[in-house]
file coords-v3.cif (mmCIF, C-alpha atoms and all ligand atoms)
data_coords
loop_
_atom_site.label_atom_id
_atom_site.label_comp_id
_atom_site.auth_asym_id
_atom_site.auth_seq_id
_atom_site.Cartn_x
_atom_site.Cartn_y
_atom_site.Cartn_z
CA MET S 8 -25.17 21.30 4.27
CA GLY S 9 -25.29 17.61 4.96
CA ILE S 10 -22.63 14.95 4.39
CA LYS S 11 -19.43 16.18 2.74
CA VAL S 12 -17.58 13.59 0.70
CA GLU S 13 -14.25 15.48 0.84
CA ARG S 14 -14.20 15.31 4.62
CA ILE S 15 -14.81 11.55 4.59
CA GLU S 16 -12.00 11.16 2.03
CA LYS S 17 -9.64 13.23 4.14
CA ASP S 18 -10.40 11.14 7.25
CA ILE S 19 -9.66 7.93 5.36
CA GLU S 20 -6.40 9.33 3.95
CA THR S 21 -5.22 10.63 7.29
CA ILE S 22 -6.04 7.55 9.35
CA ASN S 23 -4.47 5.24 6.75
CA ALA S 24 -1.28 7.29 6.60
CA PHE S 25 -0.56 5.50 9.88
CA THR S 26 0.49 1.98 8.94
CA HIS S 27 3.43 -0.16 10.03
CA THR S 28 3.78 -1.60 6.50
CA PRO S 29 3.71 1.36 4.09
CA GLY S 30 3.11 0.28 0.49
CA GLN S 31 2.05 -3.18 1.65
CA GLY S 32 -1.39 -2.66 3.06
CA ILE S 33 -2.52 -1.39 6.43
CA THR S 34 -0.98 -2.81 9.58
CA ARG S 35 -2.24 -0.96 12.62
CA PHE S 36 -2.20 -3.13 15.70
CA THR S 37 -3.96 -1.99 18.85
CA PHE S 38 -1.92 0.43 21.04
CA SER S 39 0.98 0.51 18.53
CA GLU S 40 2.56 3.84 17.61
CA GLU S 41 0.53 3.92 14.36
CA TYR S 42 -2.66 3.10 16.23
CA ILE S 43 -2.14 5.89 18.77
CA LYS S 44 -1.43 8.43 16.02
CA ALA S 45 -4.57 7.46 14.09
CA ARG S 46 -6.52 7.59 17.34
CA GLU S 47 -5.14 11.05 18.11
CA TYR S 48 -6.47 12.25 14.77
CA VAL S 49 -9.94 10.93 15.65
CA VAL S 50 -9.70 12.63 19.06
CA GLU S 51 -8.80 15.95 17.38
CA GLU S 52 -11.79 15.68 15.06
CA LEU S 53 -14.05 14.87 18.02
CA HIS S 54 -12.77 17.92 19.93
CA ARG S 55 -13.24 20.12 16.87
CA MET S 56 -16.92 19.24 16.63
CA GLY S 57 -17.38 19.96 20.32
CA ALA S 58 -17.69 16.39 21.58
CA ARG S 59 -16.75 15.49 25.14
CA VAL S 60 -13.98 12.93 24.75
CA SER S 61 -13.20 10.07 27.13
CA THR S 62 -11.13 6.92 27.15
CA CYS S 63 -13.45 4.32 28.55
CA ARG S 64 -13.01 0.95 30.19
CA GLY S 65 -11.06 -1.42 27.93
CA GLY S 66 -9.37 1.46 26.08
CA ASN S 67 -12.42 2.32 23.99
CA LEU S 68 -12.68 5.91 22.76
CA ARG S 69 -15.91 7.84 23.12
CA GLY S 70 -16.84 11.32 21.91
CA ARG S 71 -20.17 12.47 23.27
CA LEU S 72 -22.43 15.10 21.74
CA GLU S 73 -24.72 16.10 24.55
CA GLY S 74 -28.47 15.94 24.02
CA ARG S 75 -31.25 17.90 25.71
CA ASP S 76 -31.59 15.06 28.16
CA ALA S 77 -28.07 14.89 29.60
CA LEU S 78 -28.77 11.81 31.71
CA GLY S 79 -30.75 9.83 29.15
CA PRO S 80 -29.43 6.77 27.32
CA SER S 81 -27.23 7.52 24.33
CA VAL S 82 -27.42 6.61 20.67
CA MET S 83 -24.06 5.10 19.80
CA THR S 84 -22.27 4.69 16.48
CA GLY S 85 -18.72 3.78 15.49
CA SER S 86 -16.41 0.88 14.74
CA HIS S 87 -12.67 0.13 15.03
CA ILE S 88 -9.34 1.37 13.63
CA ASP S 89 -7.12 -1.61 14.44
CA SER S 90 -6.37 -3.85 11.47
CA VAL S 91 -5.13 -7.29 10.49
CA PHE S 92 -1.52 -7.67 9.24
CA GLN S 93 -1.34 -6.02 5.81
CA GLY S 94 -5.07 -5.45 5.69
CA GLY S 95 -7.19 -2.89 3.89
CA ARG S 96 -8.10 0.78 4.25
CA PHE S 97 -11.79 0.39 5.01
CA ASP S 98 -12.38 -2.44 7.50
CA GLY S 99 -13.47 -0.63 10.69
CA VAL S 100 -12.24 2.72 9.38
CA ALA S 101 -15.39 3.08 7.22
CA GLY S 102 -17.60 3.02 10.32
CA VAL S 103 -15.37 5.42 12.25
CA VAL S 104 -15.12 8.05 9.50
CA CYS S 105 -18.87 7.91 8.78
CA ALA S 106 -19.55 8.34 12.51
CA LEU S 107 -17.20 11.37 12.53
CA GLU S 108 -19.00 12.88 9.54
CA VAL S 109 -22.39 12.32 11.19
CA GLY S 110 -21.08 14.10 14.31
CA ARG S 111 -19.73 17.03 12.28
CA VAL S 112 -23.00 17.49 10.40
CA LEU S 113 -25.06 17.32 13.59
CA SER S 114 -22.89 19.83 15.40
CA GLU S 115 -22.55 22.34 12.55
CA GLU S 116 -26.25 22.23 11.75
CA ARG S 117 -26.98 22.50 15.47
CA GLN S 118 -29.56 19.78 15.15
CA GLU S 119 -31.60 19.34 18.31
CA HIS S 120 -31.60 15.88 19.80
CA ARG S 121 -32.86 14.57 23.07
CA HIS S 122 -30.48 11.66 23.56
CA PRO S 123 -26.71 12.09 23.79
CA ILE S 124 -24.90 10.79 20.70
CA ASP S 125 -21.76 8.73 21.31
CA LEU S 126 -19.18 8.37 18.55
CA VAL S 127 -16.97 5.44 19.47
CA VAL S 128 -13.82 3.56 18.49
CA PHE S 129 -13.71 0.07 19.97
CA ALA S 130 -10.25 -1.24 20.87
CA GLU S 131 -8.77 -4.52 19.54
CA GLU S 132 -11.65 -5.72 17.39
CA GLU S 133 -9.53 -7.88 15.07
CA GLY S 134 -7.50 -9.69 17.69
CA SER S 135 -4.39 -9.24 15.52
CA ARG S 136 -2.17 -8.23 18.42
CA PHE S 137 -3.65 -10.05 21.41
CA GLY S 138 -5.05 -13.14 19.68
CA SER S 139 -8.54 -12.62 21.02
CA ILE S 140 -11.23 -10.70 19.16
CA MET S 141 -13.39 -7.79 20.32
CA ILE S 142 -11.53 -7.26 23.58
CA GLY S 143 -12.53 -3.58 23.88
CA SER S 144 -16.26 -4.10 23.55
CA ARG S 145 -16.23 -7.19 25.76
CA ALA S 146 -14.33 -5.32 28.48
CA TRP S 147 -16.72 -2.36 28.23
CA ILE S 148 -19.79 -4.47 28.97
CA GLY S 149 -18.03 -6.45 31.70
CA LYS S 150 -17.47 -9.72 29.84
CA LEU S 151 -13.75 -9.30 30.49
CA GLY S 152 -12.42 -7.95 33.79
CA GLU S 153 -9.16 -6.21 34.73
CA GLU S 154 -7.65 -9.59 35.63
CA ASP S 155 -8.41 -10.84 32.11
CA LEU S 156 -6.80 -7.76 30.56
CA ALA S 157 -3.73 -8.36 32.72
CA ARG S 158 -3.61 -12.00 31.60
CA ILE S 159 -4.18 -11.51 27.83
CA LYS S 160 -0.74 -11.09 26.23
CA ASP S 161 0.67 -10.34 22.80
CA ARG S 162 3.43 -12.41 21.12
CA GLU S 163 6.09 -10.52 23.07
CA GLY S 164 4.45 -11.30 26.40
CA ILE S 165 3.16 -7.75 26.92
CA SER S 166 -0.27 -7.77 28.55
CA TYR S 167 -3.21 -5.79 27.22
CA LEU S 168 -3.11 -3.52 30.28
CA GLN S 169 0.66 -2.98 30.03
CA ALA S 170 0.38 -2.18 26.33
CA MET S 171 -2.43 0.28 26.94
CA GLU S 172 -0.53 2.06 29.72
CA GLY S 173 2.71 1.97 27.73
CA SER S 174 0.99 3.72 24.84
CA GLY S 175 0.12 6.62 27.14
CA LEU S 176 -3.64 5.98 27.23
CA LYS S 177 -5.27 6.69 30.56
CA ILE S 178 -8.75 5.45 31.34
CA ASP S 179 -10.86 8.37 32.52
CA ASP S 180 -14.19 6.55 32.63
CA ARG S 181 -14.10 3.15 34.32
CA LYS S 182 -17.86 2.63 34.26
CA LEU S 183 -19.29 -0.50 32.70
CA LEU S 184 -21.77 -0.13 29.86
CA LYS S 185 -24.97 -1.51 31.28
CA PRO S 186 -28.49 -2.12 29.96
CA GLY S 187 -30.21 1.27 30.01
CA ASP S 188 -27.02 3.24 29.23
CA VAL S 189 -27.39 2.98 25.47
CA LYS S 190 -30.71 3.34 23.66
CA ALA S 191 -29.39 2.06 20.33
CA MET S 192 -26.11 1.22 18.64
CA ILE S 193 -25.62 1.39 14.88
CA GLU S 194 -22.39 0.29 13.25
CA LEU S 195 -21.58 0.97 9.63
CA HIS S 196 -19.12 -1.56 8.23
CA ILE S 197 -17.88 -2.82 4.87
CA GLU S 198 -19.63 -6.02 3.81
CA GLN S 199 -16.36 -8.01 3.31
CA SER S 200 -18.08 -10.20 0.72
CA VAL S 201 -19.48 -10.11 -2.80
CA VAL S 202 -23.24 -10.03 -2.24
CA LEU S 203 -23.80 -6.25 -2.48
CA ASP S 204 -21.21 -5.60 -5.19
CA SER S 205 -22.37 -8.44 -7.44
CA GLY S 206 -26.05 -7.55 -6.96
CA GLY S 207 -25.58 -3.81 -7.57
CA PHE S 208 -26.81 -2.79 -4.11
CA GLN S 209 -25.45 0.32 -2.41
CA ILE S 210 -26.49 -0.59 1.12
CA GLY S 211 -26.97 -3.77 3.14
CA VAL S 212 -29.40 -3.68 6.05
CA VAL S 213 -28.09 -6.31 8.43
CA GLU S 214 -30.76 -8.43 10.10
CA GLY S 215 -28.46 -10.52 12.23
CA ILE S 216 -25.06 -12.05 12.61
CA ASN S 217 -24.62 -15.65 11.53
CA GLY S 218 -24.22 -18.34 14.14
CA ILE S 219 -21.32 -20.75 13.72
CA LYS S 220 -21.11 -24.47 14.34
CA GLN S 221 -17.68 -25.86 13.84
CA PHE S 222 -16.45 -29.38 14.47
CA LEU S 223 -13.48 -31.60 13.80
CA VAL S 224 -14.20 -34.92 12.12
CA SER S 225 -11.75 -37.74 12.54
CA LEU S 226 -12.10 -40.87 10.36
CA ARG S 227 -10.18 -44.07 10.86
CA GLY S 228 -9.80 -46.78 8.26
CA VAL S 229 -6.94 -49.18 7.59
CA ALA S 230 -3.62 -48.01 6.16
CA ASN S 231 -2.35 -50.57 3.71
CA HIS S 232 -0.20 -51.18 0.65
CA ALA S 233 -1.49 -49.16 -2.33
CA GLY S 234 -0.43 -51.85 -4.79
CA ALA S 235 -1.26 -55.08 -2.99
CA THR S 236 -4.73 -54.26 -1.59
CA PRO S 237 -7.64 -54.90 -4.00
CA MET S 238 -10.22 -52.12 -4.25
CA ALA S 239 -13.02 -54.22 -2.74
CA LEU S 240 -11.02 -54.95 0.42
CA ARG S 241 -10.01 -51.38 1.35
CA HIS S 242 -11.06 -49.14 4.22
CA ASP S 243 -9.73 -45.91 2.76
CA ALA S 244 -10.32 -43.04 5.20
CA LEU S 245 -9.67 -40.34 2.60
CA GLN S 246 -12.16 -41.77 0.09
CA GLY S 247 -14.76 -41.69 2.89
CA ALA S 248 -13.79 -38.13 3.75
CA ALA S 249 -14.10 -37.09 0.10
CA ARG S 250 -17.75 -38.32 0.00
CA ILE S 251 -18.53 -36.46 3.22
CA MET S 252 -16.88 -33.25 2.01
CA SER S 253 -18.94 -33.25 -1.14
CA ALA S 254 -22.06 -33.83 0.97
CA VAL S 255 -21.12 -30.80 3.12
CA GLU S 256 -21.35 -28.54 0.07
CA HIS S 257 -24.54 -30.21 -1.05
CA VAL S 258 -26.32 -29.91 2.30
CA ALA S 259 -25.57 -26.16 2.55
CA ALA S 260 -26.58 -25.47 -1.05
CA ARG S 261 -29.93 -27.22 -0.79
CA GLU S 262 -30.88 -25.80 2.61
CA PRO S 263 -34.14 -23.86 2.07
CA GLY S 264 -33.80 -20.15 2.83
CA GLY S 265 -30.55 -20.05 0.93
CA ASN S 266 -28.24 -18.45 3.50
CA THR S 267 -26.55 -21.52 4.93
CA VAL S 268 -22.84 -21.71 4.18
CA ALA S 269 -20.61 -24.68 4.98
CA THR S 270 -16.87 -25.07 4.56
CA VAL S 271 -14.22 -27.74 4.94
CA GLY S 272 -11.15 -25.56 5.51
CA PHE S 273 -8.66 -27.96 7.05
CA VAL S 274 -7.66 -31.48 6.06
CA HIS S 275 -4.96 -33.73 7.49
CA CYS S 276 -4.25 -37.16 6.05
CA GLU S 277 -2.10 -39.96 7.50
CA PRO S 278 0.30 -41.38 6.66
CA GLY S 279 0.16 -38.97 3.72
CA GLN S 280 2.22 -40.98 1.24
CA ALA S 281 1.60 -41.66 -2.43
CA ASN S 282 1.91 -45.44 -2.07
CA VAL S 283 -0.11 -46.00 1.13
CA ILE S 284 -3.90 -46.16 1.51
CA PRO S 285 -4.84 -43.40 3.97
CA GLY S 286 -5.63 -44.85 7.41
CA LYS S 287 -6.62 -41.66 9.20
CA VAL S 288 -8.09 -38.36 8.05
CA GLU S 289 -9.06 -35.32 10.07
CA PHE S 290 -10.99 -32.37 8.69
CA THR S 291 -13.02 -29.46 9.96
CA VAL S 292 -16.60 -28.55 9.10
CA ASP S 293 -17.72 -24.95 9.61
CA ILE S 294 -21.44 -24.18 9.15
CA ARG S 295 -23.02 -20.72 9.42
CA ASP S 296 -26.56 -19.43 9.27
CA LEU S 297 -28.71 -16.69 10.72
CA ASP S 298 -31.55 -19.05 11.60
CA PRO S 299 -30.78 -21.31 14.58
CA LYS S 300 -33.14 -24.00 13.26
CA ARG S 301 -31.52 -24.14 9.83
CA LEU S 302 -28.10 -24.17 11.48
CA ASP S 303 -29.05 -27.18 13.62
CA GLN S 304 -30.64 -28.90 10.65
CA ALA S 305 -27.56 -28.52 8.47
CA ALA S 306 -25.34 -29.80 11.29
CA SER S 307 -27.50 -32.87 11.86
CA ARG S 308 -27.71 -33.65 8.12
CA ILE S 309 -23.93 -33.52 7.88
CA SER S 310 -23.56 -35.75 10.96
CA GLU S 311 -25.98 -38.20 9.35
CA GLU S 312 -23.84 -38.24 6.17
CA ILE S 313 -20.76 -38.97 8.26
CA ARG S 314 -22.47 -41.87 10.02
CA LYS S 315 -23.86 -43.32 6.79
CA THR S 316 -20.61 -43.08 4.83
CA CYS S 317 -18.59 -44.65 7.64
CA THR S 318 -21.01 -47.55 8.00
CA GLU S 319 -20.92 -48.25 4.26
CA ARG S 320 -17.13 -48.13 4.10
CA GLY S 321 -16.20 -49.85 7.35
CA LEU S 322 -14.65 -46.73 8.88
CA THR S 323 -14.91 -45.47 12.44
CA PHE S 324 -15.43 -41.83 13.23
CA GLU S 325 -15.34 -39.24 15.96
CA ILE S 326 -16.91 -35.77 15.88
CA THR S 327 -15.38 -33.19 18.23
CA PRO S 328 -17.23 -29.86 18.61
CA ARG S 329 -14.90 -26.87 18.25
CA SER S 330 -17.27 -23.92 18.47
CA ASP S 331 -20.97 -23.35 18.80
CA THR S 332 -21.86 -19.66 18.61
CA PRO S 333 -25.57 -18.96 18.34
CA PRO S 334 -26.79 -16.46 15.72
CA VAL S 335 -27.33 -12.89 16.94
CA ALA S 336 -30.59 -11.26 15.93
CA LEU S 337 -30.26 -7.51 15.47
CA SER S 338 -33.04 -5.07 16.36
CA ARG S 339 -36.08 -5.24 14.08
CA ASP S 340 -36.93 -1.65 14.95
CA ILE S 341 -33.51 -0.44 13.84
CA VAL S 342 -33.75 -2.55 10.67
CA THR S 343 -36.97 -0.64 9.91
CA VAL S 344 -35.36 2.74 10.68
CA ILE S 345 -32.47 1.97 8.29
CA GLU S 346 -34.80 0.60 5.58
CA GLU S 347 -37.00 3.71 5.74
CA ALA S 348 -33.95 5.97 5.48
CA ALA S 349 -32.69 4.04 2.43
CA ALA S 350 -36.11 4.05 0.77
CA ALA S 351 -36.56 7.81 1.37
CA ARG S 352 -33.22 8.51 -0.31
CA LYS S 353 -34.03 6.04 -3.13
CA ILE S 354 -30.95 3.98 -2.37
CA ARG S 355 -30.99 0.38 -3.55
CA TYR S 356 -30.62 -1.83 -0.45
CA LEU S 357 -30.72 -5.48 0.52
CA LYS S 358 -31.68 -7.07 3.83
CA MET S 359 -29.01 -9.63 4.67
CA PRO S 360 -27.11 -11.47 7.41
CA SER S 361 -23.56 -10.66 8.41
CA GLY S 362 -21.21 -13.54 7.74
CA ALA S 363 -18.46 -12.06 9.90
CA LEU S 364 -18.41 -11.12 13.57
CA HIS S 365 -18.24 -7.48 14.68
CA ASP S 366 -18.41 -5.51 17.94
CA SER S 367 -22.11 -5.34 17.09
CA SER S 368 -22.32 -9.07 17.91
CA ILE S 369 -21.35 -8.29 21.51
CA LEU S 370 -23.57 -5.28 22.23
CA PRO S 371 -27.05 -6.88 21.90
CA GLU S 372 -26.51 -8.03 25.49
CA ILE S 373 -26.99 -4.45 26.65
CA THR S 374 -28.88 -2.61 23.90
CA GLU S 375 -30.74 -2.62 20.56
CA VAL S 376 -28.23 -2.99 17.73
CA GLY S 377 -28.34 -2.35 13.98
CA MET S 378 -25.74 -2.51 11.23
CA ILE S 379 -25.38 -0.85 7.84
CA PHE S 380 -23.18 -2.55 5.24
CA VAL S 381 -21.52 -0.80 2.31
CA PRO S 382 -20.21 -2.81 -0.67
CA SER S 383 -16.69 -4.24 -0.83
CA LYS S 384 -15.34 -4.19 -4.40
CA GLU S 385 -15.26 -7.81 -5.61
CA GLY S 386 -15.81 -8.84 -2.02
CA ARG S 387 -12.13 -8.38 -1.16
CA SER S 388 -11.29 -7.71 2.50
CA HIS S 389 -8.44 -8.14 5.00
CA CYS S 390 -6.04 -7.44 2.12
CA PRO S 391 -4.52 -4.34 0.49
CA GLU S 392 -7.02 -4.61 -2.40
CA GLU S 393 -9.95 -3.95 -0.06
CA PHE S 394 -11.94 -1.09 -1.62
CA THR S 395 -15.25 0.73 -1.22
CA GLU S 396 -16.37 3.48 -3.63
CA ILE S 397 -16.56 6.90 -1.99
CA ASP S 398 -20.11 7.34 -3.31
CA ASP S 399 -21.18 4.17 -1.54
CA LEU S 400 -19.54 5.35 1.67
CA ALA S 401 -21.27 8.71 1.36
CA ALA S 402 -24.62 6.95 0.84
CA GLY S 403 -23.91 4.87 3.94
CA ALA S 404 -23.03 8.01 5.91
CA GLU S 405 -26.29 9.65 4.85
CA ILE S 406 -28.33 6.67 5.98
CA LEU S 407 -26.35 6.56 9.21
CA LEU S 408 -27.06 10.27 9.75
CA ASP S 409 -30.80 9.83 9.12
CA SER S 410 -30.98 6.77 11.39
CA VAL S 411 -28.98 8.29 14.26
CA THR S 412 -31.01 11.51 14.03
CA LYS S 413 -34.27 9.61 14.16
CA LEU S 414 -33.21 7.39 17.07
CA ALA S 415 -31.84 10.34 19.07
CA LEU S 416 -34.94 12.54 18.66
ZN ZN S 501 -14.10 -4.84 11.04
#
call {"tool": "encode", "arguments": {"input": "coords-v3.cif", "output": "structure tokens"}}
result
Amino acid sequence: MGIKVERIEKDIETINAFTHTPGQGITRFTFSEEYIKAREYVVEELHRMGARVSTCRGGNLRGRLEGRDALGPSVMTGSHIDSVFQGGRFDGVAGVVCALEVGRVLSEERQEHRHPIDLVVFAEEEGSRFGSIMIGSRAWIGKLGEEDLARIKDREGISYLQAMEGSGLKIDDRKLLKPGDVKAMIELHIEQSVVLDSGGFQIGVVEGINGIKQFLVSLRGVANHAGATPMALRHDALQGAARIMSAVEHVAAREPGGNTVATVGFVHCEPGQANVIPGKVEFTVDIRDLDPKRLDQAASRISEEIRKTCTERGLTFEITPRSDTPPVALSRDIVTVIEEAAAARKIRYLKMPSGALHDSSILPEITEVGMIFVPSKEGRSHCPEEFTEIDDLAAGAEILLDSVTKLAL
């Protein structure tokens, strides 16, 4: 009775047998041949457990286990099976196989539940094929319409709709997911970072998804001869940028609360020659935090550093916002449900934010959302080395089972 590790292992093996780059990681782009084969396996498993299977708006897959209350809102769980180019075996797949196992246990134990339980696979989460992330979930809740899906194209110019039709998928449920349709959504996902693995935690209870503020900073100084210009008379844009970059790390590290992260990931220097003082530098600043106030504070401290440094060094600057995504708070009630399940099973867990975006960042618009993280070995993800211990996955599946059961009562 209960969760069976061998079945979870078999699901992972079978789904990951479908990759476009065998021996070099998992490449399974949305609606590709490999994707459709992996999806067919999930459909077979859903049929076998007696779920009612539909292809929903946006190409999302849903297997429904009916509850006593056929018309009531559902409890939803699942994730995605599309991947990045040469990615890992667990990103997305972990949440799908744990959802399948939860469904199998519920149906074989004939557990009574009032709410229908929906086991789902969201289409195109990664954006690897169509360059835009979370297309399936956004289409399902009406954030993207048919005209958008006809407009969004892959590198070969094939639109999302054409690719979906070409793969043989037919939508049999065109209804939008609206508030009131879903009582709760829980996604299990790999952490994709080092926090759980390095701290020896088996489960992460996700409290929210980090907001992102990203901007491009452009500094202008005076390009001049590296030999003939005395140090005191320079307006070196790169030296200014270097001070600001070190302040970026400093501001994030000293932010109280401890979860702020800030990164300079792109730098461009002109003219970019060994014997010329840099006259122009551009770099990005990316700041993330779960708390909107701390996020704003970090951004304004960094802007203040930019202003101060430029004044001191006779540089001019421009700050161009690139993205401003507010943090997403997940459901406190579901956090409690997951915590209680972990405590009852004596599993060591940590409450934490998610640093990456997931379909679960989209769904709070229509329902209560929770997420369960399982550890990623050494934090590796989006690469062939991505790994999660089967025992950790099984622990995650057990917590998912307990939580779904409780929410669907
Ligand atoms: Zn993912």
call {"tool": "residues_near_ligand", "arguments": {"input": "coords-v3.cif", "ligand": "ligand ZN 501 (chain S)", "cutoff": "7 Å", "atoms": "only C-alpha atoms and all ligand atoms", "output": "mmCIF file with C-alpha atoms, in the coordinates of the input"}}
result
data_model
loop_
_atom_site.group_PDB
_atom_site.id
_atom_site.type_symbol
_atom_site.label_atom_id
_atom_site.label_comp_id
_atom_site.auth_asym_id
_atom_site.auth_seq_id
_atom_site.Cartn_x
_atom_site.Cartn_y
_atom_site.Cartn_z
ATOM 1 C CA HIS S 87 -12.670 0.130 15.030
ATOM 2 C CA ASP S 98 -12.380 -2.440 7.500
ATOM 3 C CA GLY S 99 -13.470 -0.630 10.690
ATOM 4 C CA GLU S 132 -11.650 -5.720 17.390
ATOM 5 C CA GLU S 133 -9.530 -7.880 15.070
ATOM 6 C CA HIS S 196 -19.120 -1.560 8.230
ATOM 7 C CA HIS S 365 -18.240 -7.480 14.680
#
call {"tool": "residues_around", "arguments": {"input": "coords-v3.cif", "residues": "Asn282 of chain S", "least_positions_apart": "2", "cutoff": "12 Å", "atoms": "only C-alpha atoms", "output": "ChimeraX atom specification"}}
result
/S:230-236,277-280,284-285
call {"tool": "write_last_selection", "arguments": {"input": "coords-v3.cif", "atoms": "C-alpha atoms", "output": "mmCIF file, in the frame of the given file"}}
result
data_model
loop_
_atom_site.group_PDB
_atom_site.id
_atom_site.type_symbol
_atom_site.label_atom_id
_atom_site.label_comp_id
_atom_site.auth_asym_id
_atom_site.auth_seq_id
_atom_site.Cartn_x
_atom_site.Cartn_y
_atom_site.Cartn_z
ATOM 1 C CA ALA S 230 -3.620 -48.010 6.160
ATOM 2 C CA ASN S 231 -2.350 -50.570 3.710
ATOM 3 C CA HIS S 232 -0.200 -51.180 0.650
ATOM 4 C CA ALA S 233 -1.490 -49.160 -2.330
ATOM 5 C CA GLY S 234 -0.430 -51.850 -4.790
ATOM 6 C CA ALA S 235 -1.260 -55.080 -2.990
ATOM 7 C CA THR S 236 -4.730 -54.260 -1.590
ATOM 8 C CA GLU S 277 -2.100 -39.960 7.500
ATOM 9 C CA PRO S 278 0.300 -41.380 6.660
ATOM 10 C CA GLY S 279 0.160 -38.970 3.720
ATOM 11 C CA GLN S 280 2.220 -40.980 1.240
ATOM 12 C CA ILE S 284 -3.900 -46.160 1.510
ATOM 13 C CA PRO S 285 -4.840 -43.400 3.970
#
call {"tool": "residues_around", "arguments": {"input": "coords-v3.cif", "residues": "Cys390 of chain S", "least_positions_apart": "4", "cutoff": "9 Å", "atoms": "all atoms listed in the file", "output": "list in words"}}
result
Gly32, Ile33, Val91, Phe92, Gln93, Gly94, Gly95 and Arg96 of chain S
call {"tool": "closest_residue", "arguments": {"input": "coords-v3.cif", "among": "S:Leu364, S:Met378, S:Val258, S:Ile148", "to": "Lys182 of chain S", "atoms": "all atoms listed in the file"}}
result
S:Ile148
call {"tool": "closest_residue", "arguments": {"input": "coords-v3.cif", "among": "S:Met252, S:Val268, S:Ile216, S:Met238", "to": "Pro334 of chain S", "atoms": "only C-alpha atoms"}}
result
S:Ile216
call {"tool": "residues_near_point", "arguments": {"input": "coords-v3.cif", "point": "(-18.3, -2.4, 32.5)", "cutoff": "8 Å", "atoms": "only C-alpha atoms", "output": "list in words"}}
result
Arg64, Ala146, Trp147, Ile148, Gly149, Lys150, Arg181, Lys182, Leu183, Leu184 and Lys185 of chain S
call {"tool": "closest_residue", "arguments": {"input": "coords-v3.cif", "among": "S:Asn23, S:Ser174, S:Gln209, S:Asn67", "to": "Leu357 of chain S", "atoms": "all atoms listed in the file"}}
result
S:Gln209
call {"tool": "closest_residue", "arguments": {"input": "coords-v3.cif", "among": "S:Thr332, S:Thr21, S:Thr343, S:Ser361", "to": "Pro299 of chain S", "atoms": "only C-alpha atoms"}}
result
S:Thr332
call {"tool": "residues_around", "arguments": {"input": "coords-v3.cif", "residues": "segment 398-403 of chain S", "least_positions_apart": "3", "cutoff": "9 Å", "atoms": "all atoms listed in the file", "output": "PyMOL selection string"}}
result
chain S and resi 10-12+15+101+105+195+197+209-210+349+352+354+379-382+395+406-408
call {"tool": "write_last_selection", "arguments": {"input": "coords-v3.cif", "atoms": "C-alpha atoms", "output": "PDB file, in the frame of the given file"}}
result
ATOM      1  CA  ILE S  10     -22.630  14.950   4.390  1.00  0.00           C
ATOM      2  CA  LYS S  11     -19.430  16.180   2.740  1.00  0.00           C
ATOM      3  CA  VAL S  12     -17.580  13.590   0.700  1.00  0.00           C
ATOM      4  CA  ILE S  15     -14.810  11.550   4.590  1.00  0.00           C
ATOM      5  CA  ALA S 101     -15.390   3.080   7.220  1.00  0.00           C
ATOM      6  CA  CYS S 105     -18.870   7.910   8.780  1.00  0.00           C
ATOM      7  CA  LEU S 195     -21.580   0.970   9.630  1.00  0.00           C
ATOM      8  CA  ILE S 197     -17.880  -2.820   4.870  1.00  0.00           C
ATOM      9  CA  GLN S 209     -25.450   0.320  -2.410  1.00  0.00           C
ATOM     10  CA  ILE S 210     -26.490  -0.590   1.120  1.00  0.00           C
ATOM     11  CA  ALA S 349     -32.690   4.040   2.430  1.00  0.00           C
ATOM     12  CA  ARG S 352     -33.220   8.510  -0.310  1.00  0.00           C
ATOM     13  CA  ILE S 354     -30.950   3.980  -2.370  1.00  0.00           C
ATOM     14  CA  ILE S 379     -25.380  -0.850   7.840  1.00  0.00           C
ATOM     15  CA  PHE S 380     -23.180  -2.550   5.240  1.00  0.00           C
ATOM     16  CA  VAL S 381     -21.520  -0.800   2.310  1.00  0.00           C
ATOM     17  CA  PRO S 382     -20.210  -2.810  -0.670  1.00  0.00           C
ATOM     18  CA  THR S 395     -15.250   0.730  -1.220  1.00  0.00           C
ATOM     19  CA  ILE S 406     -28.330   6.670   5.980  1.00  0.00           C
ATOM     20  CA  LEU S 407     -26.350   6.560   9.210  1.00  0.00           C
ATOM     21  CA  LEU S 408     -27.060  10.270   9.750  1.00  0.00           C
TER      22      LEU S 408
END
call {"tool": "residues_around", "arguments": {"input": "coords-v3.cif", "residues": "segment 302-307 of chain S", "least_positions_apart": "4", "cutoff": "7 Å", "atoms": "all atoms listed in the file", "output": "list in words"}}
result
Val258, Ala259, Arg295, Asp296, Asp298 and Glu311 of chain S
call {"tool": "closest_residue", "arguments": {"input": "coords-v3.cif", "among": "S:Ile193, S:Arg241, S:Lys384, S:Pro371", "to": "Gly321 of chain S", "atoms": "all atoms listed in the file"}}
result
S:Arg241
call {"tool": "closest_residue", "arguments": {"input": "coords-v3.cif", "among": "S:Val292, S:Ala269, S:Ile142, S:Ile178", "to": "Cys63 of chain S", "atoms": "all atoms listed in the file"}}
result
S:Ile178
call {"tool": "atom_distance", "arguments": {"input": "coords-v3.cif", "atom1": "atom CA of Met192 of chain S", "atom2": "atom CA of Arg55 of chain S"}}
result
22.9 Å
call {"tool": "residues_around", "arguments": {"input": "coords-v3.cif", "residues": "Val288 of chain S", "least_positions_apart": "6", "cutoff": "7 Å", "atoms": "all atoms listed in the file", "output": "MDAnalysis selection string"}}
result
chainID S and resid 225:227 244:245 275:277
call {"tool": "atom_distance", "arguments": {"input": "coords-v3.cif", "atom1": "atom CA of Val82 of chain S", "atom2": "atom CA of Lys190 of chain S"}}
result
5.5 Å
